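See below for the structure under consideration.
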Amino acid sequence: MTKQQVLDLYFMDARSKLIDIAAFLDRLDRAEGQPDFRAGEFRKALEWMQSADQERAKGVLLSLSDPTTEPIAKAPGKGACGAWPGPGTEEGR
Amino acid sequence: MRYIEPHGHMVSRTTDDYEAMVYAGCAAVCEPAFWAGFDRGSVEGFRDYFCQLTDYEPRRAARFGLPHYSWLCINPKESEDMVLAEEVLSIIPDFLGCPNVLGIGEIGLNKNTRNELRILERHIDVAAQHGQLVLVHTPHLEDKLKGTRLILDAIRADGRLVADRVIIDHCEEHTLGLVLDRGHWAGITLYPESKTTPARAIDMYEQYSRQNLWLNSACDWGRSDPLSIPKTVLEMRRRGHRESAIEGLVYGNPVRFLSQNPRFQLRLE
Ligand SMILES: [Zn+2]
């Protein structure tokens, strides 16, 4: 596909998702209380959007991943929350 | 456009879904054993589930002329209870002779625990002993990268499975290359929120591999879409991919992997 074709096919969809992310950050800022680690991890992952790297999707995924390599002793639960809380935490070990 | 659904949890779908899939061109559906959304209480719960996968569900699909295949295991979400897991592992060989069983799956990891890893190694052992194909589930979200690495290392450490008889499913941009580099097949799952969209799936297809790759919906009891493969066909057409290339991805590739088990037969072939 040419760059023009990519824009024609995907610009409106990407624009809509971009505004959704902006609105999500605004909503988070307006809300009361303290955010958990996910807010900071989300902002860190966002930095990939402005990267010159051509593997931005991979960069966002890596940014939100548990980078450790050893299996953990016990499952903290069955689910995943989408971001890694960091070492020494209940979920992150 | 004919296609294969190589990973659908049809026990949690309606009969209308079967009908819609067949209308959309589905030529076969394959159903890995998985978590029911709650923990089963005993090995007898698994025996009943394996009967459902090997007897009842193929008959439900056959009402629409759709071949139904299954894969057997205890899934990683229930592998923390190692006593139960060993009991389930002991009954799996009783079902490996069923005519619709293609192999061991979907095994893997969920939260990347030591117990899950131990039960994964036990499944790899059963698969190696019985010469079975293997379908692997990789963990969700933040756990996927670590889990994929642990799984790849466990398979390599065992050393008995032939790499291209193993498919590692639910790959994303950060894990697909790792899987293909080891010589395994890779699966991309079209699933809202937690996995990939049609656009990202086709991006990966264009960048990484057009060969040892399949698409699946992993439709189950969660928000998921049993028609996500035909919808991705539309995505490929919008990008100008040739019909032969599209059919190669959604039909030819899964047929090539699954036909490594001679039980996998399609109608009219
Ligand atoms: Zn599944």
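To be explicit about the labels: the chains of the structure tokens are called A, B, and onward in the order shown, and within each one the residues are counted from 1, while ligands get numbers from 1 in the order they are shown.
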
Quiz item: Using only C-alpha atoms, which residues sit within 12 Å of Ser244 (chain B) once same-chain residues fewer than 5 positions away are excluded, as a list in words?
Solution: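 The residues satisfying every condition are Met1, Arg2, Val233, Met236, Arg237, Leu249, Val250, Tyr251, Gly252 and Asn253 of chain B.
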
Quiz item: Would you name the residues within 9 Å of ligand 1, counting only C-alpha atoms and all ligand atoms, and put them as a list of chain:residue names?
Solution: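 The neighbouring residues of ligand 1 are, in order, B:His7, B:Gly8, B:His9, B:Glu31, B:Pro32, B:Ala33, B:Phe34, B:Trp35, B:Gly105, B:Glu106, B:His137, B:Asp169, B:His170, B:Ser217, B:Ala218, B:Cys219, B:Asp220.
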
Quiz prompt | All alpha helix (DSSP H) positions in region 32-99 of chain B, as JSON, numbers by chain | solution = {"B": [43, 44, 45, 46, 47, 48, 49, 50, 51, 57, 58, 59, 60, 61, 62, 82, 83, 84, 85, 86, 87, 88, 89, 90, 91, 92, 93, 94, 95]}

Selection: 12 Å around region 73-87 of chain A, only C-alpha atoms, excl. self and same-chain fewer than 6 positions, as a PDB file with C-alpha atoms, in the first residue's frame:
ATOM      1  CA  ASP A  36      -2.494   3.011  40.787  1.00  0.00           C
ATOM      2  CA  PHE A  37       0.627   2.037  38.789  1.00  0.00           C
ATOM      3  CA  ARG A  38      -1.346   1.588  35.575  1.00  0.00           C
ATOM      4  CA  ALA A  39      -1.640   5.344  35.042  1.00  0.00           C
ATOM      5  CA  GLY A  40       2.144   5.798  35.062  1.00  0.00           C
ATOM      6  CA  GLU A  41       2.736   2.722  32.918  1.00  0.00           C
ATOM      7  CA  PHE A  42       0.198   3.981  30.384  1.00  0.00           C
ATOM      8  CA  ARG A  43       1.961   7.340  30.108  1.00  0.00           C
ATOM      9  CA  LYS A  44       5.326   5.597  29.727  1.00  0.00           C
ATOM     10  CA  ALA A  45       3.923   3.431  26.930  1.00  0.00           C
ATOM     11  CA  VAL A  60       4.144  -0.296  23.529  1.00  0.00           C
ATOM     12  CA  LEU A  61       3.663  -4.020  24.209  1.00  0.00           C
ATOM     13  CA  LEU A  62       7.183  -4.392  25.605  1.00  0.00           C
ATOM     14  CA  SER A  63       6.693  -1.305  27.741  1.00  0.00           C
ATOM     15  CA  LEU A  64       3.586  -2.877  29.320  1.00  0.00           C
ATOM     16  CA  SER A  65       5.204  -6.325  29.806  1.00  0.00           C
ATOM     17  CA  ASP A  66       6.707  -8.101  32.798  1.00  0.00           C
ATOM     18  CA  PRO A  67      10.419  -8.140  31.865  1.00  0.00           C
ATOM     19  CA  ARG A  93       7.305 -10.105  42.715  1.00  0.00           C
TER      20      ARG A  93
ATOM     21  CA  TRP B  35     -10.931 -23.079  31.165  1.00  0.00           C
ATOM     22  CA  GLY B  37     -14.591 -19.614  33.411  1.00  0.00           C
ATOM     23  CA  PHE B  38     -14.683 -21.425  36.769  1.00  0.00           C
ATOM     24  CA  ASP B  39     -12.486 -24.167  38.241  1.00  0.00           C
ATOM     25  CA  ASN B  75      -5.457 -25.652  30.919  1.00  0.00           C
ATOM     26  CA  PRO B  76      -2.875 -23.587  32.806  1.00  0.00           C
ATOM     27  CA  LYS B  77      -5.522 -21.651  34.756  1.00  0.00           C
ATOM     28  CA  GLU B  78      -6.343 -24.890  36.584  1.00  0.00           C
ATOM     29  CA  SER B  79      -2.758 -26.157  36.808  1.00  0.00           C
ATOM     30  CA  GLU B  80      -1.992 -24.538  40.163  1.00  0.00           C
ATOM     31  CA  ASP B  81      -3.728 -27.543  41.758  1.00  0.00           C
ATOM     32  CA  LEU B 109       1.099 -20.766  31.047  1.00  0.00           C
ATOM     33  CA  ASN B 110      -1.243 -18.195  32.566  1.00  0.00           C
ATOM     34  CA  LYS B 111       0.480 -16.345  35.436  1.00  0.00           C
ATOM     35  CA  ASN B 112       3.905 -17.926  34.807  1.00  0.00           C
ATOM     36  CA  THR B 113       4.069 -19.863  38.087  1.00  0.00           C
ATOM     37  CA  ARG B 114       6.299 -22.797  38.984  1.00  0.00           C
ATOM     38  CA  ASN B 115       3.310 -25.163  39.205  1.00  0.00           C
ATOM     39  CA  GLU B 116       1.985 -24.087  35.812  1.00  0.00           C
ATOM     40  CA  LEU B 117       5.441 -24.645  34.336  1.00  0.00           C
ATOM     41  CA  ARG B 118       5.682 -28.100  35.922  1.00  0.00           C
ATOM     42  CA  PRO B 139      -0.482 -15.783  28.648  1.00  0.00           C
ATOM     43  CA  HIS B 140      -2.457 -12.587  28.450  1.00  0.00           C
ATOM     44  CA  LEU B 141      -1.324  -8.970  28.412  1.00  0.00           C
ATOM     45  CA  GLU B 142       1.629  -8.132  30.685  1.00  0.00           C
ATOM     46  CA  ASP B 143       2.375 -11.834  31.231  1.00  0.00           C
ATOM     47  CA  LYS B 144       2.669 -12.790  27.540  1.00  0.00           C
ATOM     48  CA  LEU B 145       6.314 -11.906  26.876  1.00  0.00           C
ATOM     49  CA  LYS B 146       7.681 -13.715  29.924  1.00  0.00           C
ATOM     50  CA  GLU B 193      -9.293  -5.765  23.793  1.00  0.00           C
ATOM     51  CA  SER B 194      -6.810  -8.412  24.934  1.00  0.00           C
ATOM     52  CA  LYS B 195      -5.325  -9.699  21.652  1.00  0.00           C
TER      53      LYS B 195
END
